[in-house]
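Quick look at protein_21.tsv (TSV, C-alpha atoms (C1' of nucleotides)):
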chain	number	residue	atom	x	y	z
A	125	MET	CA	216.77	146.24	-71.95
A	126	ALA	CA	215.21	149.58	-71.31
A	127	GLU	CA	213.03	150.33	-74.33
A	128	LYS	CA	211.23	153.56	-74.90
A	129	THR	CA	208.15	151.90	-76.38
A	130	TYR	CA	205.60	149.95	-74.39
A	131	SER	CA	206.70	146.68	-75.83
A	132	HIS	CA	206.48	145.01	-72.43
A	133	ILE	CA	202.70	145.50	-72.58
A	134	PRO	CA	200.97	142.86	-74.66
A	135	THR	CA	199.55	144.47	-77.79
A	136	MET	CA	197.76	143.20	-80.83
A	137	THR	CA	196.49	144.31	-84.20
A	138	ILE	CA	192.88	144.25	-85.22
A	139	GLY	CA	192.98	140.67	-86.48
A	140	PRO	CA	193.80	139.01	-83.17
A	141	LEU	CA	191.41	141.33	-81.36
A	142	SER	CA	188.72	140.20	-83.76
A	143	GLU	CA	189.53	136.53	-83.06
A	144	LYS	CA	189.55	136.96	-79.31
A	145	THR	CA	186.23	138.76	-79.16
A	146	GLY	CA	184.41	137.16	-82.05
A	147	CYS	CA	183.72	140.61	-83.52
A	148	HIS	CA	184.28	141.05	-87.21
A	149	ILE	CA	187.11	143.39	-88.12
A	150	GLU	CA	184.70	145.68	-89.93
A	151	THR	CA	182.52	145.80	-86.86
A	152	ILE	CA	185.42	146.88	-84.68
A	153	ARG	CA	186.25	149.69	-87.07
A	154	TYR	CA	182.56	150.57	-87.15
A	155	TYR	CA	182.48	150.79	-83.35
A	156	GLU	CA	185.44	153.12	-83.50
A	157	ARG	CA	183.75	155.27	-86.12
A	158	ILE	CA	180.62	155.67	-84.03
A	159	GLY	CA	182.68	156.36	-80.95
A	160	ILE	CA	181.97	153.49	-78.60
A	161	MET	CA	185.48	152.15	-79.04
A	162	PRO	CA	188.34	154.62	-78.67
A	163	SER	CA	190.72	155.27	-81.52
A	164	PRO	CA	193.74	153.19	-80.60
A	165	PRO	CA	197.32	154.26	-81.27
A	166	ARG	CA	198.72	153.32	-84.65
A	167	THR	CA	201.95	151.93	-86.00
A	168	GLU	CA	204.02	154.19	-88.23
A	169	GLY	CA	202.30	152.59	-91.19
A	170	GLY	CA	198.85	153.29	-89.77
A	171	HIS	CA	197.84	149.89	-88.41
A	172	ARG	CA	195.75	149.93	-85.25
A	173	VAL	CA	197.47	148.70	-82.10
A	174	TYR	CA	195.26	147.47	-79.26
A	175	ARG	CA	195.93	146.72	-75.62
A	176	GLU	CA	194.28	144.70	-72.90
A	177	GLU	CA	191.88	147.52	-72.05
A	178	HIS	CA	190.54	147.54	-75.58
A	179	LEU	CA	189.98	143.81	-75.38
A	180	LYS	CA	188.05	144.25	-72.15
A	181	ARG	CA	185.91	147.03	-73.53
A	182	LEU	CA	185.10	145.24	-76.75
A	183	THR	CA	184.22	142.11	-74.79
A	184	PHE	CA	181.83	144.18	-72.74
A	185	ILE	CA	180.20	145.58	-75.86
A	186	ARG	CA	179.98	142.19	-77.51
A	187	ARG	CA	178.49	140.57	-74.46
A	188	SER	CA	175.94	143.35	-74.07
A	189	ARG	CA	174.94	143.03	-77.71
A	190	GLU	CA	174.47	139.30	-77.21
A	191	LEU	CA	172.11	140.17	-74.41
A	192	GLY	CA	170.17	142.34	-76.79
A	193	PHE	CA	171.15	145.78	-75.52
A	194	THR	CA	171.14	148.35	-78.31
A	195	LEU	CA	174.30	150.25	-79.03
A	196	GLU	CA	172.61	153.29	-77.56
A	197	GLU	CA	172.01	151.44	-74.30
A	198	ILE	CA	175.55	150.15	-74.35
A	199	ARG	CA	176.78	153.67	-74.86
A	200	ASN	CA	174.96	154.62	-71.67
A	201	LEU	CA	176.29	151.66	-69.76
A	202	LEU	CA	179.79	152.60	-70.86
A	203	LEU	CA	179.25	156.18	-69.73
A	204	LEU	CA	178.41	154.84	-66.30
A	205	VAL	CA	181.42	152.56	-66.31
A	206	ASP	CA	183.74	155.26	-67.59
A	207	GLY	CA	182.46	157.81	-65.11
A	208	ASP	CA	183.23	155.29	-62.37
A	209	ASP	CA	180.81	157.02	-60.05
A	210	PHE	CA	177.83	154.96	-61.09
A	211	THR	CA	175.69	153.09	-58.66
A	212	CYS	CA	174.66	149.51	-59.04
A	213	ASP	CA	171.10	150.77	-58.91
A	214	GLU	CA	171.35	152.66	-62.17
A	215	VAL	CA	172.65	149.63	-63.96
A	216	LYS	CA	170.05	147.43	-62.36
A	217	THR	CA	167.29	149.75	-63.53
A	218	MET	CA	168.53	149.73	-67.11
A	219	THR	CA	168.82	145.99	-67.09
A	220	LEU	CA	165.35	145.52	-65.68
A	221	GLU	CA	163.90	147.84	-68.30
A	222	HIS	CA	165.60	145.82	-70.94
A	223	ALA	CA	164.32	142.61	-69.40
A	224	ASP	CA	160.81	144.05	-69.56
A	225	ASP	CA	161.27	144.78	-73.25
A	226	VAL	CA	162.34	141.23	-73.81
A	227	HIS	CA	159.38	140.01	-71.84
A	228	ARG	CA	156.95	142.01	-73.93
A	229	LYS	CA	158.56	140.79	-77.11
A	230	ILE	CA	158.10	137.21	-75.97
A	231	ALA	CA	154.43	137.83	-75.28
A	232	ASP	CA	153.94	139.39	-78.72
A	233	LEU	CA	155.65	136.54	-80.47
A	234	LYS	CA	153.58	133.99	-78.60
A	235	LYS	CA	150.40	135.64	-79.85
A	236	LEU	CA	151.85	135.59	-83.32
A	237	GLU	CA	152.71	131.93	-83.10
A	238	ARG	CA	149.18	131.19	-81.98
A	239	VAL	CA	147.64	132.98	-84.94
A	240	LEU	CA	149.97	131.34	-87.43
A	241	LYS	CA	149.27	127.90	-86.03
A	242	ASP	CA	145.54	128.58	-86.03
A	243	MET	CA	145.65	129.65	-89.64
A	244	VAL	CA	147.60	126.58	-90.67
A	245	SER	CA	145.34	124.25	-88.74
A	246	GLN	CA	142.50	125.34	-91.03
A	247	CYS	CA	144.16	123.90	-94.08
A	248	ASP	CA	144.45	120.18	-93.88
A	249	ARG	CA	142.99	119.24	-97.19
A	250	GLY	CA	146.34	119.45	-98.98
A	251	ASP	CA	146.40	120.58	-102.55
A	252	VAL	CA	143.09	122.32	-103.04
A	253	PRO	CA	143.55	125.75	-104.58
A	254	ASP	CA	141.35	127.41	-101.99
A	255	CYS	CA	143.59	128.40	-99.11
A	256	PRO	CA	142.42	129.45	-95.65
A	257	VAL	CA	145.75	131.12	-94.91
A	258	ILE	CA	145.46	133.36	-97.92
A	259	ASP	CA	141.87	134.03	-97.05
A	260	ALA	CA	142.83	134.99	-93.54
A	261	LEU	CA	145.50	137.35	-94.82
A	262	PHE	CA	142.92	139.13	-96.92
A	263	GLN	CA	140.74	139.73	-93.87
A	264	THR	CA	141.12	143.09	-92.22
A	265	LYS	CA	140.66	141.80	-88.72
A	266	ALA	CA	140.39	138.05	-88.56
A	267	TYR	CA	142.06	137.91	-85.17
A	268	PRO	CA	142.41	140.19	-82.19
A	269	SER	CA	145.08	142.70	-83.06
A	270	ILE	CA	148.62	141.56	-82.69
A	271	ALA	CA	150.68	144.28	-81.16
A	272	THR	CA	154.17	143.62	-82.40
A	273	SER	CA	156.54	145.86	-80.49
A	274	PRO	CA	158.86	147.93	-82.66
B	1183	MET	CA	124.28	158.15	-118.24
B	1184	ALA	CA	126.79	156.23	-120.25
B	1185	GLU	CA	130.18	157.50	-119.20
B	1186	LYS	CA	133.41	156.48	-120.78
B	1187	THR	CA	135.40	156.64	-117.53
B	1188	TYR	CA	135.06	154.14	-114.71
B	1189	SER	CA	133.44	156.63	-112.41
B	1190	HIS	CA	130.86	154.06	-111.34
B	1191	ILE	CA	133.67	152.11	-109.66
B	1192	PRO	CA	134.52	153.47	-106.23
B	1193	THR	CA	137.97	155.02	-106.29
B	1194	MET	CA	140.10	156.84	-103.78
B	1195	THR	CA	143.31	158.78	-103.51
B	1196	ILE	CA	146.23	157.74	-101.38
B	1197	GLY	CA	144.96	159.49	-98.25
B	1198	PRO	CA	141.77	157.46	-97.83
B	1199	LEU	CA	143.63	154.27	-98.76
B	1200	SER	CA	146.09	155.07	-96.03
B	1201	GLU	CA	143.28	155.56	-93.52
B	1202	LYS	CA	141.49	152.37	-94.45
B	1203	THR	CA	144.57	150.18	-94.23
B	1204	GLY	CA	146.48	151.89	-91.46
B	1205	CYS	CA	149.51	152.16	-93.74
B	1206	HIS	CA	151.33	155.46	-93.83
B	1207	ILE	CA	151.16	157.28	-97.14
B	1208	GLU	CA	154.91	157.12	-97.48
B	1209	THR	CA	154.80	153.40	-96.89
B	1210	ILE	CA	152.28	152.91	-99.69
B	1211	ARG	CA	154.48	154.85	-102.07
B	1212	TYR	CA	157.44	152.82	-100.84
B	1213	TYR	CA	155.59	149.57	-101.58
B	1214	GLU	CA	154.93	150.84	-105.06
B	1215	ARG	CA	158.58	151.75	-105.53
B	1216	ILE	CA	159.80	148.30	-104.53
B	1217	GLY	CA	157.14	146.71	-106.70
B	1218	ILE	CA	154.86	144.88	-104.31
B	1219	MET	CA	152.03	147.32	-104.97
B	1220	PRO	CA	151.24	148.08	-108.62
B	1221	SER	CA	151.51	151.60	-109.98
B	1222	PRO	CA	147.92	152.78	-109.98
B	1223	PRO	CA	146.46	155.00	-112.69
B	1224	ARG	CA	146.80	158.72	-112.13
B	1225	THR	CA	144.64	161.79	-112.48
B	1226	GLU	CA	145.65	164.33	-115.10
B	1227	GLY	CA	147.53	166.14	-112.40
B	1228	GLY	CA	149.42	163.05	-111.37
B	1229	HIS	CA	147.56	162.00	-108.22
B	1230	ARG	CA	147.31	158.27	-107.64
B	1231	VAL	CA	143.86	156.75	-108.03
B	1232	TYR	CA	143.19	153.47	-106.26
B	1233	ARG	CA	140.41	150.91	-106.58
B	1234	GLU	CA	139.02	148.14	-104.43
B	1235	GLU	CA	141.63	145.66	-105.64
B	1236	HIS	CA	144.41	147.91	-104.39
B	1237	LEU	CA	142.73	148.10	-101.03
B	1238	LYS	CA	142.55	144.32	-100.87
B	1239	ARG	CA	146.15	143.86	-101.85
B	1240	LEU	CA	147.45	146.43	-99.41
B	1241	THR	CA	145.36	144.89	-96.65
B	1242	PHE	CA	146.96	141.57	-97.45
B	1243	ILE	CA	150.42	143.06	-97.23
B	1244	ARG	CA	149.65	144.91	-94.03
B	1245	ARG	CA	148.19	141.87	-92.39
B	1246	SER	CA	151.12	139.71	-93.40
B	1247	ARG	CA	153.55	142.26	-92.02
B	1248	GLU	CA	151.64	142.25	-88.74
B	1249	LEU	CA	152.17	138.52	-88.68
B	1250	GLY	CA	155.88	139.09	-89.05
B	1251	PHE	CA	156.36	137.97	-92.64
B	1252	THR	CA	159.19	139.84	-94.31
B	1253	LEU	CA	158.49	141.79	-97.47
B	1254	GLU	CA	160.43	139.14	-99.33
B	1255	GLU	CA	158.14	136.44	-98.00
B	1256	ILE	CA	155.12	138.56	-98.82
B	1257	ARG	CA	156.44	139.03	-102.31
B	1258	ASN	CA	156.46	135.25	-102.66
B	1259	LEU	CA	153.00	134.88	-101.22
B	1260	LEU	CA	151.75	137.47	-103.67
B	1261	LEU	CA	153.41	135.65	-106.55
B	1262	LEU	CA	151.43	132.59	-105.57
B	1263	VAL	CA	148.23	134.57	-105.25
B	1264	ASP	CA	148.80	136.40	-108.52
B	1265	GLY	CA	149.68	133.23	-110.37
B	1266	ASP	CA	146.40	131.80	-109.12
B	1267	ASP	CA	147.67	128.31	-109.67
B	1268	PHE	CA	149.13	127.94	-106.21
B	1269	THR	CA	148.28	125.08	-103.94
B	1270	CYS	CA	147.27	125.49	-100.36
B	1271	ASP	CA	150.21	123.29	-99.53
B	1272	GLU	CA	152.78	125.81	-100.71
B	1273	VAL	CA	151.26	128.50	-98.57
B	1274	LYS	CA	150.99	126.16	-95.64
B	1275	THR	CA	154.66	125.29	-95.92
B	1276	MET	CA	155.72	128.93	-95.96
B	1277	THR	CA	153.54	129.70	-93.01
B	1278	LEU	CA	154.85	126.77	-91.02
B	1279	GLU	CA	158.43	127.80	-91.75
B	1280	HIS	CA	157.65	131.24	-90.52
B	1281	ALA	CA	155.97	129.82	-87.43
B	1282	ASP	CA	159.15	127.86	-86.74
B	1283	ASP	CA	161.18	131.03	-86.99
B	1284	VAL	CA	158.91	132.67	-84.51
B	1285	HIS	CA	159.18	129.67	-82.25
B	1286	ARG	CA	162.95	129.79	-82.27
B	1287	LYS	CA	162.92	133.48	-81.59
B	1288	ILE	CA	160.74	132.92	-78.57
B	1289	ALA	CA	163.13	130.29	-77.24
B	1290	ASP	CA	166.09	132.63	-77.70
B	1291	LEU	CA	164.38	135.49	-75.98
B	1292	LYS	CA	163.43	133.28	-73.06
B	1293	LYS	CA	167.08	132.36	-72.52
B	1294	LEU	CA	167.91	136.02	-72.69
B	1295	GLU	CA	165.33	136.93	-70.15
B	1296	ARG	CA	166.67	134.26	-67.84
B	1297	VAL	CA	170.21	135.60	-68.04
B	1298	LEU	CA	169.11	139.18	-67.49
B	1299	LYS	CA	167.02	138.23	-64.47
B	1300	ASP	CA	169.86	136.15	-63.08
B	1301	MET	CA	172.27	139.02	-63.41
B	1302	VAL	CA	169.90	141.42	-61.72
B	1303	SER	CA	169.15	139.02	-58.90
B	1304	GLN	CA	172.82	139.25	-57.93
B	1305	CYS	CA	172.57	142.90	-57.11
B	1306	ASP	CA	170.31	143.52	-54.19
B	1307	ARG	CA	172.50	145.69	-52.12
B	1308	GLY	CA	171.32	148.88	-53.79
B	1309	ASP	CA	173.75	151.71	-54.18
B	1310	VAL	CA	177.14	150.12	-53.77
B	1311	PRO	CA	179.45	151.04	-56.62
B	1312	ASP	CA	180.47	147.45	-57.23
B	1313	CYS	CA	177.97	146.04	-59.71
B	1314	PRO	CA	177.48	142.38	-60.53
B	1315	VAL	CA	175.76	143.23	-63.80
B	1316	ILE	CA	178.73	145.20	-65.02
B	1317	ASP	CA	181.02	142.46	-63.79
B	1318	ALA	CA	179.02	139.88	-65.72
B	1319	LEU	CA	179.17	141.95	-68.87
B	1320	PHE	CA	182.95	142.04	-68.64
B	1321	GLN	CA	183.09	138.25	-68.48
B	1322	THR	CA	183.74	136.51	-71.74
B	1323	LYS	CA	181.51	133.59	-70.97
B	1324	ALA	CA	179.62	133.98	-67.76
B	1325	TYR	CA	176.66	132.04	-69.08
B	1326	PRO	CA	176.09	129.35	-71.67
B	1327	SER	CA	176.09	131.05	-75.01
B	1328	ILE	CA	172.93	132.81	-75.98
B	1329	ALA	CA	172.19	132.15	-79.60
B	1330	THR	CA	170.13	135.12	-80.71
B	1331	SER	CA	168.78	134.33	-84.14
B	1332	PRO	CA	169.53	136.96	-86.78
C	1080	DT	C1'	218.45	142.76	-97.96
C	1081	DA	C1'	214.80	141.74	-101.12
C	1082	DT	C1'	210.27	139.85	-101.76
C	1083	DG	C1'	205.80	138.45	-101.65
C	1084	DA	C1'	201.70	136.71	-99.24
C	1085	DG	C1'	198.66	138.08	-96.19
C	1086	DA	C1'	197.03	141.46	-93.03
C	1087	DC	C1'	195.68	145.94	-92.89
C	1088	DC	C1'	194.01	150.65	-94.56
C	1089	DT	C1'	190.14	154.12	-96.31
C	1090	DG	C1'	185.99	155.03	-98.39
C	1091	DT	C1'	181.75	153.91	-100.31
C	1092	DA	C1'	177.58	151.36	-101.01
C	1093	DG	C1'	174.23	147.91	-99.72
C	1094	DT	C1'	171.12	145.56	-96.35
C	1095	DT	C1'	165.54	145.95	-94.01
C	1096	DA	C1'	161.43	148.33	-93.72
C	1097	DG	C1'	160.29	152.07	-93.60
C	1098	DT	C1'	160.15	157.58	-91.79
C	1099	DA	C1'	160.97	162.50	-92.46
C	1100	DC	C1'	161.65	166.19	-94.70
C	1101	DA	C1'	161.99	170.18	-98.52
C	1102	DG	C1'	160.13	172.36	-102.06
C	1103	DG	C1'	156.81	172.32	-105.49
C	1104	DT	C1'	151.97	171.11	-107.76
C	1105	DT	C1'	147.02	169.85	-107.81
C	1106	DC	C1'	142.42	169.53	-106.11
C	1107	DA	C1'	138.10	170.93	-104.41
C	1108	DA	C1'	135.28	173.87	-101.58
C	1109	DG	C1'	133.60	178.46	-100.95
D	44	DC	C1'	139.20	182.84	-108.35
D	45	DT	C1'	141.29	181.93	-104.24
D	46	DT	C1'	143.09	179.33	-100.66
D	47	DG	C1'	144.37	175.62	-97.85
D	48	DA	C1'	144.63	170.79	-97.66
D	49	DA	C1'	146.20	166.99	-100.02
D	50	DC	C1'	149.29	165.32	-103.10
D	51	DC	C1'	153.78	164.96	-105.86
D	52	DT	C1'	159.11	163.79	-106.39
D	53	DG	C1'	163.45	163.17	-104.61
D	54	DT	C1'	166.68	162.76	-101.16
D	55	DA	C1'	168.42	161.65	-96.75
D	56	DC	C1'	167.96	159.33	-92.40
D	57	DT	C1'	167.24	155.31	-89.00
D	58	DA	C1'	170.11	150.44	-86.70
D	59	DA	C1'	173.81	147.66	-86.81
D	60	DC	C1'	176.34	146.12	-89.35
D	61	DT	C1'	178.45	143.67	-94.00
D	62	DA	C1'	180.81	143.74	-98.40
D	63	DC	C1'	183.44	145.25	-101.51
D	64	DA	C1'	187.35	147.96	-104.43
D	65	DG	C1'	191.62	149.45	-104.68
D	66	DG	C1'	195.60	150.57	-102.36
D	67	DT	C1'	199.42	150.11	-98.42
D	68	DC	C1'	202.05	147.84	-94.61
D	69	DT	C1'	204.31	144.04	-92.16
D	70	DC	C1'	207.25	140.48	-91.33
D	71	DA	C1'	208.81	135.74	-92.15
D	72	DT	C1'	211.47	133.54	-95.38
D	73	DA	C1'	215.04	133.09	-99.11
Starting from the coordinates I provided, produce the structure as structure tokens.
Amino acid sequence: MAEKTYSHIPTMTIGPLSEKTGCHIETIRYYERIGIMPSPPRTEGGHRVYREEHLKRLTFIRRSRELGFTLEEIRNLLLLVDGDDFTCDEVKTMTLEHADDVHRKIADLKKLERVLKDMVSQCDRGDVPDCPVIDALFQTKAYPSIATSP
Amino acid sequence: MAEKTYSHIPTMTIGPLSEKTGCHIETIRYYERIGIMPSPPRTEGGHRVYREEHLKRLTFIRRSRELGFTLEEIRNLLLLVDGDDFTCDEVKTMTLEHADDVHRKIADLKKLERVLKDMVSQCDRGDVPDCPVIDALFQTKAYPSIATSP
DNA sequence: TATGAGACCTGTAGTTAGTACAGGTTCAAG
DNA sequence: CTTGAACCTGTACTAACTACAGGTCTCATA
């Protein structure tokens, strides 16, 4: 009964980890390459063997990506988590900054939508070859500048 | 008075073109490389010489980019313009499709903003080490799925 | 125990829309 | 004629992956 391996701990290869997290296999390997996922132990043949902690970490990364954090931001969040001396305040600040970014992006896109709709509303005569949209695109400054955030 | 060159047509090198359009020089050369700007004539020494038509075309591209069209979409718009047998309808359709994209993106980002704000609103006790944001990020599905468009 | 399908491996290249050099040449003003 | 700014080419880099090619490992079944 006593085994020298950790076989009593549930492990998995990259395939199941991929299924459980919804991350593509290539993405998981990519995360390892760029250092936000640790290199897991391998089988003798070289296959990656993951444990519960890897699943947790990858879930965290995935979830953060879904929320639009960049990998750089996630890297920082993970540093805080790993250091385990972070304060809630630091995390809150980062999240609020990100929320602001999102907010700005929404505002930019709304302006954009407005301009596009305006342009289209000019052309309601169907199949004439003269096109107000094209005309507008040739204008240097037909509308107040649209500041699309990077 | 009769000159065999086109010196009576206003020309410019890449620097002034860059200034007038707000496109970086490298970007202009890039557009030429990928074929959405034509290769202009050159001086004997190899410097690019642009004319009014180049300025117009680049303005068109710039403006379209500002409006969030991809280079691929712009390529199509330019095909229509170049073919000069396009109908306003085709352009209108493309623009409306793009507007829809933008609309969806706005909706997605709004959901995102909501989730971020919700997460942050959980943590109002300042500097405790236990952080609801981090906790939420470790959850597989703490919120209804956020479909961030590609 | 042999075998074969399927899972896994590494490494490289491509995607989008540019930006940032290095190292060399040309232009135009004085 | 000189000099410094502007221009040239070519390559490499960015973010966040995705998509192979070509080879190896695993493990359930015969």
I want to know what sits within 12 Å of Glu168 of chain A, based on all atoms listed in the file, with residues of the same chain fewer than 3 positions away left out; could you give that as number ranges by chain?
A: 165, 171-173; D: 67-69
Go ahead and save the residues from that selection, with C-alpha atoms (C1' of nucleotides), as a CSV table (one decimal), in the frame of the given file.
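Here's the written file result-v9.csv:
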chain,number,residue,atom,x,y,z
A,165,PRO,CA,197.3,154.3,-81.3
A,171,HIS,CA,197.8,149.9,-88.4
A,172,ARG,CA,195.8,149.9,-85.2
A,173,VAL,CA,197.5,148.7,-82.1
D,67,DT,C1',199.4,150.1,-98.4
D,68,DC,C1',202.0,147.8,-94.6
D,69,DT,C1',204.3,144.0,-92.2
Mind checking which residues fall within 12 Å of DG1083 of chain C, counting only C-alpha atoms (C1' of nucleotides), ignoring those fewer than 5 positions away in the same chain, and posting them as a PyMOL selection string?
chain D and resi 69-73
Which residues of chain B come within 8 Å of chain A, and for each one, what is the closest pair of atoms and their distance in Å to one decimal, counting all atoms listed in the file, sorted by chain and residue number, as JSON lines?
{"residue": "B:Lys1238", "atom": "CA", "partner": "A:Phe262", "partner_atom": "CA", "distance": 6.5}
{"residue": "B:Arg1239", "atom": "CA", "partner": "A:Phe262", "partner_atom": "CA", "distance": 7.6}
{"residue": "B:Thr1241", "atom": "CA", "partner": "A:Phe262", "partner_atom": "CA", "distance": 6.3}
{"residue": "B:Phe1242", "atom": "CA", "partner": "A:Phe262", "partner_atom": "CA", "distance": 4.7}
{"residue": "B:Ile1243", "atom": "CA", "partner": "A:Leu261", "partner_atom": "CA", "distance": 7.9}
{"residue": "B:Arg1245", "atom": "CA", "partner": "A:Leu261", "partner_atom": "CA", "distance": 5.8}
{"residue": "B:Ser1246", "atom": "CA", "partner": "A:Leu261", "partner_atom": "CA", "distance": 6.3}
{"residue": "B:Glu1248", "atom": "CA", "partner": "A:Ile270", "partner_atom": "CA", "distance": 6.8}
{"residue": "B:Leu1249", "atom": "CA", "partner": "A:Leu236", "partner_atom": "CA", "distance": 6.1}
{"residue": "B:Gly1250", "atom": "CA", "partner": "A:Leu236", "partner_atom": "CA", "distance": 7.8}
{"residue": "B:Val1263", "atom": "CA", "partner": "A:Ile258", "partner_atom": "CA", "distance": 7.9}
{"residue": "B:Asp1267", "atom": "CA", "partner": "A:Pro253", "partner_atom": "CA", "distance": 7.0}
{"residue": "B:Phe1268", "atom": "CA", "partner": "A:Pro253", "partner_atom": "CA", "distance": 6.2}
{"residue": "B:Thr1269", "atom": "CA", "partner": "A:Pro253", "partner_atom": "CA", "distance": 4.8}
{"residue": "B:Cys1270", "atom": "CA", "partner": "A:Cys255", "partner_atom": "CA", "distance": 4.9}
{"residue": "B:Asp1271", "atom": "CA", "partner": "A:Gly250", "partner_atom": "CA", "distance": 5.5}
{"residue": "B:Val1273", "atom": "CA", "partner": "A:Val257", "partner_atom": "CA", "distance": 7.1}
{"residue": "B:Lys1274", "atom": "CA", "partner": "A:Val244", "partner_atom": "CA", "distance": 6.0}
{"residue": "B:Thr1277", "atom": "CA", "partner": "A:Leu240", "partner_atom": "CA", "distance": 6.8}
{"residue": "B:Leu1278", "atom": "CA", "partner": "A:Val244", "partner_atom": "CA", "distance": 7.3}
{"residue": "B:Ala1281", "atom": "CA", "partner": "A:Glu237", "partner_atom": "CA", "distance": 5.8}
{"residue": "B:Val1284", "atom": "CA", "partner": "A:Glu237", "partner_atom": "CA", "distance": 6.4}
{"residue": "B:His1285", "atom": "CA", "partner": "A:Glu237", "partner_atom": "CA", "distance": 6.9}
{"residue": "B:Lys1287", "atom": "CA", "partner": "A:Leu233", "partner_atom": "CA", "distance": 8.0}
{"residue": "B:Ile1288", "atom": "CA", "partner": "A:Ile230", "partner_atom": "CA", "distance": 5.7}
{"residue": "B:Leu1291", "atom": "CA", "partner": "A:Val226", "partner_atom": "CA", "distance": 6.5}
{"residue": "B:Lys1292", "atom": "CA", "partner": "A:Ile230", "partner_atom": "CA", "distance": 7.2}
{"residue": "B:Leu1294", "atom": "CA", "partner": "A:Leu191", "partner_atom": "CA", "distance": 6.1}
{"residue": "B:Glu1295", "atom": "CA", "partner": "A:Ala223", "partner_atom": "CA", "distance": 5.8}
{"residue": "B:Leu1298", "atom": "CA", "partner": "A:Ala223", "partner_atom": "CA", "distance": 6.2}
{"residue": "B:Lys1299", "atom": "CA", "partner": "A:Ala223", "partner_atom": "CA", "distance": 7.1}
{"residue": "B:Val1302", "atom": "CA", "partner": "A:Lys216", "partner_atom": "CA", "distance": 6.0}
{"residue": "B:Cys1305", "atom": "CA", "partner": "A:Cys212", "partner_atom": "CA", "distance": 7.2}
{"residue": "B:Gly1308", "atom": "CA", "partner": "A:Asp213", "partner_atom": "CA", "distance": 5.5}
{"residue": "B:Asp1309", "atom": "CA", "partner": "A:Thr211", "partner_atom": "CA", "distance": 5.1}
{"residue": "B:Val1310", "atom": "CA", "partner": "A:Cys212", "partner_atom": "CA", "distance": 5.9}
{"residue": "B:Pro1311", "atom": "CA", "partner": "A:Thr211", "partner_atom": "CA", "distance": 4.7}
{"residue": "B:Asp1312", "atom": "CA", "partner": "A:Cys212", "partner_atom": "CA", "distance": 6.4}
{"residue": "B:Cys1313", "atom": "CA", "partner": "A:Cys212", "partner_atom": "CA", "distance": 4.8}
{"residue": "B:Pro1314", "atom": "CA", "partner": "A:Cys212", "partner_atom": "CA", "distance": 7.8}
{"residue": "B:Val1315", "atom": "CA", "partner": "A:Val215", "partner_atom": "CA", "distance": 7.1}
{"residue": "B:Ile1316", "atom": "CA", "partner": "A:Val215", "partner_atom": "CA", "distance": 7.6}
{"residue": "B:Leu1319", "atom": "CA", "partner": "A:Phe184", "partner_atom": "CA", "distance": 5.2}
{"residue": "B:Phe1320", "atom": "CA", "partner": "A:Phe184", "partner_atom": "CA", "distance": 4.8}
{"residue": "B:Gln1321", "atom": "CA", "partner": "A:Phe184", "partner_atom": "CA", "distance": 7.4}
{"residue": "B:Thr1322", "atom": "CA", "partner": "A:Thr183", "partner_atom": "CA", "distance": 6.4}
{"residue": "B:Ile1328", "atom": "CA", "partner": "A:Glu190", "partner_atom": "CA", "distance": 6.8}
{"residue": "B:Ala1329", "atom": "CA", "partner": "A:Glu190", "partner_atom": "CA", "distance": 7.9}
{"residue": "B:Thr1330", "atom": "CA", "partner": "A:Glu190", "partner_atom": "CA", "distance": 7.0}
Find the distance between atom CA of Tyr174 of chain A and atom C1' of DG1085 of chain C and write it in Å to one decimal.
19.7 Å
I'd like the contact shell of segment 1106-1109 of chain C - 9 Å cut-off, all atoms listed in the file, skipping same-chain residues fewer than 5 positions apart - returned as an MDAnalysis selection string.
(chainID B and resid 1227) or (chainID D and resid 48:50)
Work out how far atom CA of Leu141 of chain A is from atom C1' of DA62 of chain D, in Å to one decimal.
20.2 Å
Please report, as a tab-separated table, each residue of chain B lying at most 12 Å from chain D, together with the nearest pair of atoms and the separation in Å rounded to one decimal; use all atoms listed in the file, and order rows by chain and ascending residue number.
residue	atom	partner	partner_atom	distance
B:Thr1195	CA	D:DC50	C1'	8.9
B:Ile1196	CA	D:DC50	C1'	8.4
B:Gly1197	CA	D:DA49	C1'	7.8
B:Pro1198	CA	D:DA49	C1'	10.7
B:Ile1207	CA	D:DC50	C1'	10.2
B:Glu1208	CA	D:DC50	C1'	11.4
B:Arg1211	CA	D:DC51	C1'	10.8
B:Arg1224	CA	D:DC51	C1'	11.3
B:Thr1225	CA	D:DC50	C1'	11.0
B:Gly1227	CA	D:DC51	C1'	9.1
B:Gly1228	CA	D:DC51	C1'	7.3
B:His1229	CA	D:DC50	C1'	6.3
B:Arg1230	CA	D:DC50	C1'	8.6
B:Val1231	CA	D:DC50	C1'	11.3
B:Pro1332	CA	D:DA59	C1'	11.5
Identify all chain C residues at most 12 Å from chain B by counting only C-alpha atoms (C1' of nucleotides); ligands do not count. Present them as a PyMOL selection string.
chain C and resi 1095-1100+1104-1106
I'd like the interatomic distance between atom CA of Ile152 of chain A and atom CA of Gly207 of chain A, to a tenth of an Å.
22.6 Å
